[in-house]
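Printed here is query21.cif (mmCIF, C-alpha atoms):
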```
data_data
loop_
_atom_site.group_PDB
_atom_site.id
_atom_site.type_symbol
_atom_site.label_atom_id
_atom_site.label_comp_id
_atom_site.auth_asym_id
_atom_site.auth_seq_id
_atom_site.Cartn_x
_atom_site.Cartn_y
_atom_site.Cartn_z
ATOM 1 C CA MET A 150 18.548 -1.000 21.048
ATOM 2 C CA ASN A 151 15.572 0.506 22.835
ATOM 3 C CA LEU A 152 12.051 -0.897 22.955
ATOM 4 C CA LYS A 153 10.660 1.648 20.472
ATOM 5 C CA LYS A 154 13.200 0.650 17.805
ATOM 6 C CA ILE A 155 12.491 -3.037 18.421
ATOM 7 C CA LEU A 156 8.761 -2.443 17.911
ATOM 8 C CA TRP A 157 9.446 -0.518 14.673
ATOM 9 C CA LEU A 158 11.717 -3.374 13.565
ATOM 10 C CA ILE A 159 9.026 -5.982 14.240
ATOM 11 C CA LEU A 160 6.413 -3.878 12.441
ATOM 12 C CA GLY A 161 8.783 -3.504 9.472
ATOM 13 C CA CYS A 162 9.339 -7.255 9.281
ATOM 14 C CA ILE A 163 5.590 -7.854 9.362
ATOM 15 C CA GLY A 164 5.180 -5.279 6.588
ATOM 16 C CA VAL A 165 7.822 -6.975 4.423
ATOM 17 C CA GLY A 166 6.251 -10.383 4.993
ATOM 18 C CA LEU A 167 2.727 -9.257 4.136
ATOM 19 C CA GLY A 168 4.027 -7.144 1.250
ATOM 20 C CA ALA A 169 5.836 -10.153 -0.208
ATOM 21 C CA VAL A 170 2.673 -12.228 0.064
ATOM 22 C CA GLY A 171 0.699 -9.383 -1.498
ATOM 23 C CA ALA A 172 3.138 -9.124 -4.400
ATOM 24 C CA ALA A 173 2.562 -12.808 -5.172
ATOM 25 C CA MET A 174 -1.176 -13.052 -4.436
ATOM 26 C CA PRO A 175 -3.594 -10.703 -6.204
ATOM 27 C CA MET A 176 -6.125 -10.605 -3.328
ATOM 28 C CA ILE A 177 -3.701 -9.027 -0.845
ATOM 29 C CA PRO A 178 -2.420 -5.516 -1.526
ATOM 30 C CA ALA A 179 1.375 -5.278 -1.364
ATOM 31 C CA PHE A 180 1.595 -1.500 -1.548
ATOM 32 C CA PRO A 181 0.390 -0.469 1.942
ATOM 33 C CA PHE A 182 2.428 -3.176 3.636
ATOM 34 C CA LEU A 183 5.569 -2.182 1.785
ATOM 35 C CA MET A 184 4.955 1.450 2.724
ATOM 36 C CA LEU A 185 4.627 0.311 6.331
ATOM 37 C CA ALA A 186 7.890 -1.619 6.055
ATOM 38 C CA ALA A 187 9.762 1.323 4.553
ATOM 39 C CA PHE A 188 8.480 3.706 7.220
ATOM 40 C CA SER A 189 9.156 1.246 10.047
ATOM 41 C CA PHE A 190 12.670 0.402 8.888
ATOM 42 C CA ALA A 191 13.453 4.104 8.488
ATOM 43 C CA LYS A 192 12.460 4.531 12.154
ATOM 44 C CA SER A 193 14.307 1.453 13.444
ATOM 45 C CA SER A 194 17.545 0.892 11.534
ATOM 46 C CA GLU A 195 19.458 2.688 8.804
ATOM 47 C CA LYS A 196 21.004 -0.622 7.707
ATOM 48 C CA LEU A 197 17.634 -2.355 7.354
ATOM 49 C CA TYR A 198 16.176 0.645 5.544
ATOM 50 C CA ALA A 199 19.136 0.669 3.135
ATOM 51 C CA TRP A 200 18.719 -3.074 2.580
ATOM 52 C CA PHE A 201 14.959 -2.764 2.039
ATOM 53 C CA ILE A 202 15.108 0.030 -0.526
ATOM 54 C CA ASN A 203 17.571 -2.057 -2.543
ATOM 55 C CA THR A 204 15.360 -5.155 -2.692
ATOM 56 C CA LYS A 205 13.547 -6.157 -5.887
ATOM 57 C CA LEU A 206 10.284 -6.102 -3.933
ATOM 58 C CA TYR A 207 10.729 -2.401 -3.122
ATOM 59 C CA LYS A 208 12.023 -1.466 -6.566
ATOM 60 C CA ASP A 209 9.168 -3.210 -8.391
ATOM 61 C CA ASN A 210 6.321 -2.017 -6.183
ATOM 62 C CA LEU A 211 7.216 1.185 -4.369
ATOM 63 C CA GLU A 212 10.304 2.942 -5.696
ATOM 64 C CA ASP A 213 8.644 5.190 -8.285
ATOM 65 C CA TYR A 214 5.847 6.200 -5.911
ATOM 66 C CA ALA A 215 8.199 6.870 -2.988
ATOM 67 C CA ALA A 216 10.398 9.000 -5.252
ATOM 68 C CA GLY A 217 7.349 11.082 -6.212
ATOM 69 C CA ARG A 218 7.311 9.886 -9.818
ATOM 70 C CA GLY A 219 3.993 8.030 -9.646
ATOM 71 C CA MET A 220 2.689 4.582 -10.630
ATOM 72 C CA THR A 221 1.875 2.732 -13.811
ATOM 73 C CA TRP A 222 -1.770 2.168 -14.728
ATOM 74 C CA LYS A 223 -1.220 -1.538 -14.165
ATOM 75 C CA THR A 224 -0.145 -0.912 -10.561
ATOM 76 C CA LYS A 225 -2.940 1.579 -9.943
ATOM 77 C CA ILE A 226 -5.587 -0.779 -11.295
ATOM 78 C CA ARG A 227 -4.228 -3.713 -9.288
ATOM 79 C CA ILE A 228 -4.398 -1.644 -6.082
ATOM 80 C CA MET A 229 -7.876 -0.287 -6.841
ATOM 81 C CA ILE A 230 -9.310 -3.724 -7.656
ATOM 82 C CA THR A 231 -7.806 -5.323 -4.569
ATOM 83 C CA VAL A 232 -9.027 -2.626 -2.221
ATOM 84 C CA THR A 233 -12.455 -2.584 -3.878
ATOM 85 C CA LEU A 234 -12.834 -6.342 -3.407
ATOM 86 C CA LEU A 235 -11.713 -6.214 0.209
ATOM 87 C CA MET A 236 -13.930 -3.223 1.023
ATOM 88 C CA SER A 237 -16.906 -4.859 -0.646
ATOM 89 C CA VAL A 238 -16.678 -7.713 1.866
ATOM 90 C CA GLY A 239 -16.921 -5.271 4.777
ATOM 91 C CA PHE A 240 -19.636 -3.274 3.014
ATOM 92 C CA THR A 241 -21.698 -6.415 2.394
ATOM 93 C CA MET A 242 -21.352 -7.584 5.989
ATOM 94 C CA MET A 243 -22.426 -4.179 7.325
ATOM 95 C CA ALA A 244 -25.338 -4.000 4.879
ATOM 96 C CA MET A 245 -26.547 -7.429 6.009
ATOM 97 C CA LYS A 246 -26.629 -6.123 9.596
ATOM 98 C CA ASN A 247 -28.277 -2.821 8.552
ATOM 99 C CA VAL A 248 -25.274 -0.722 9.629
ATOM 100 C CA TRP A 249 -25.968 2.000 7.097
ATOM 101 C CA ILE A 250 -23.709 4.635 8.662
ATOM 102 C CA GLY A 251 -20.797 2.200 8.421
ATOM 103 C CA CYS A 252 -21.725 1.507 4.799
ATOM 104 C CA ALA A 253 -21.772 5.245 4.067
ATOM 105 C CA VAL A 254 -18.373 5.778 5.713
ATOM 106 C CA LEU A 255 -16.850 2.803 3.903
ATOM 107 C CA GLY A 256 -18.373 3.991 0.625
ATOM 108 C CA ALA A 257 -16.861 7.448 1.134
ATOM 109 C CA VAL A 258 -13.455 5.949 1.926
ATOM 110 C CA TRP A 259 -13.709 3.780 -1.188
ATOM 111 C CA ALA A 260 -14.652 6.770 -3.362
ATOM 112 C CA PHE A 261 -11.738 8.803 -1.983
ATOM 113 C CA HIS A 262 -9.418 5.854 -2.638
ATOM 114 C CA ILE A 263 -10.504 5.612 -6.282
ATOM 115 C CA PHE A 264 -10.350 9.394 -6.743
ATOM 116 C CA TYR A 265 -6.858 9.542 -5.215
ATOM 117 C CA PHE A 266 -5.373 6.781 -7.362
ATOM 118 C CA ILE A 267 -6.914 8.028 -10.600
ATOM 119 C CA TRP A 268 -6.243 11.760 -10.224
ATOM 120 C CA GLY A 269 -3.940 12.181 -7.211
ATOM 121 C CA VAL A 270 -1.097 9.858 -8.176
ATOM 122 C CA LYS A 271 0.926 10.588 -11.301
ATOM 123 C CA THR A 272 0.605 7.954 -13.998
ATOM 124 C CA LEU A 273 3.780 6.503 -15.475
ATOM 125 C CA LYS A 274 4.021 4.721 -18.773
ATOM 126 C CA GLU A 275 5.203 1.100 -18.512
ATOM 127 C CA GLY A 276 8.775 2.223 -19.221
ATOM 128 C CA GLY A 277 8.771 4.403 -16.122
ATOM 129 C CA LYS A 278 8.221 7.835 -17.747
ATOM 130 C CA ILE A 279 5.325 10.194 -17.129
#
```

Just give me the structure as structure tokens.
Amino acid sequence: MNLKKILWLILGCIGVGLGAVGAAMPMIPAFPFLMLAAFSFAKSSEKLYAWFINTKLYKDNLEDYAAGRGMTWKTKIRIMITVTLLMSVGFTMMAMKNVWIGCAVLGAVWAFHIFYFIWGVKTLKEGGKI
């Protein structure tokens, strides 16, 4: 196994670990870490990728989105609230130091994030249908 695949493997394991924590704790977003894990495992090992996409963690949090079907409102709202809370910490710290350009950039990223999840991602009903 070459060094590049080992690095992808390590990154995938970190993504799974943080994604698992994020699935259990509401303050940490699981979604981006699970996306990182899926991408990293796809780059490092077909066996690990096959294992990962068959886990309950993947199926509950990422399967519908990765298949292009979308997300439930519950999932969208959970992601938007988590990211909003985390970004507000950075925004507040920059505002306290009068870093207004950073605040503007972070505000724009936040607005794009909200716009994307509300209108850019298909919304599934709880049963998994659009």

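Minimum distance to Thr272 in chain A across A:Met220, A:Met243, A:Ala253, A:Ala260 (counting only C-alpha atoms) occurs at A:Met220.
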
Quiz item: Hey, what comes out of the PyMOL selection byres ((chain A and resi 173-182) around 8) on this file? Could you write it as a ChimeraX atom specification?
Solution: /A:164-165,167-172,183-186,210-211,227-228,231-232,234-235

Same residues, C-alpha atoms, output as a compact mmCIF listing (two decimals), in the coordinates of the input:
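Printed below is again_26.txt as written:
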```txt
# COMPACT_ATOMS: atom_id res chain seq x y z
CA GLY A 164 5.18 -5.28 6.59
CA VAL A 165 7.82 -6.98 4.42
CA LEU A 167 2.73 -9.26 4.14
CA GLY A 168 4.03 -7.14 1.25
CA ALA A 169 5.84 -10.15 -0.21
CA VAL A 170 2.67 -12.23 0.06
CA GLY A 171 0.70 -9.38 -1.50
CA ALA A 172 3.14 -9.12 -4.40
CA LEU A 183 5.57 -2.18 1.78
CA MET A 184 4.96 1.45 2.72
CA LEU A 185 4.63 0.31 6.33
CA ALA A 186 7.89 -1.62 6.06
CA ASN A 210 6.32 -2.02 -6.18
CA LEU A 211 7.22 1.18 -4.37
CA ARG A 227 -4.23 -3.71 -9.29
CA ILE A 228 -4.40 -1.64 -6.08
CA THR A 231 -7.81 -5.32 -4.57
CA VAL A 232 -9.03 -2.63 -2.22
CA LEU A 234 -12.83 -6.34 -3.41
CA LEU A 235 -11.71 -6.21 0.21
```

Self-check item: Matched chain/residue IDs from the PyMOL selection byres ((chain A and resi 192) around 10), as a ChimeraX atom specification
Solution: /A:153-158,161,186-191,193-195,197-198

Quiz item: Separation of CA of Phe266 in chain A and CA of Lys225 in chain A, in Å?
Solution: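 CA of Lys225 in chain A lies 6.3 Å from CA of Phe266 in chain A.
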
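The coordinates place CA of Leu273 in chain A at 16.0 Å from CA of Met229 in chain A.
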
Quiz item: Hey, can you check how far CA of Ala257 in chain A sits from CA of Phe240 in chain A?
Solution: 11.2 Å
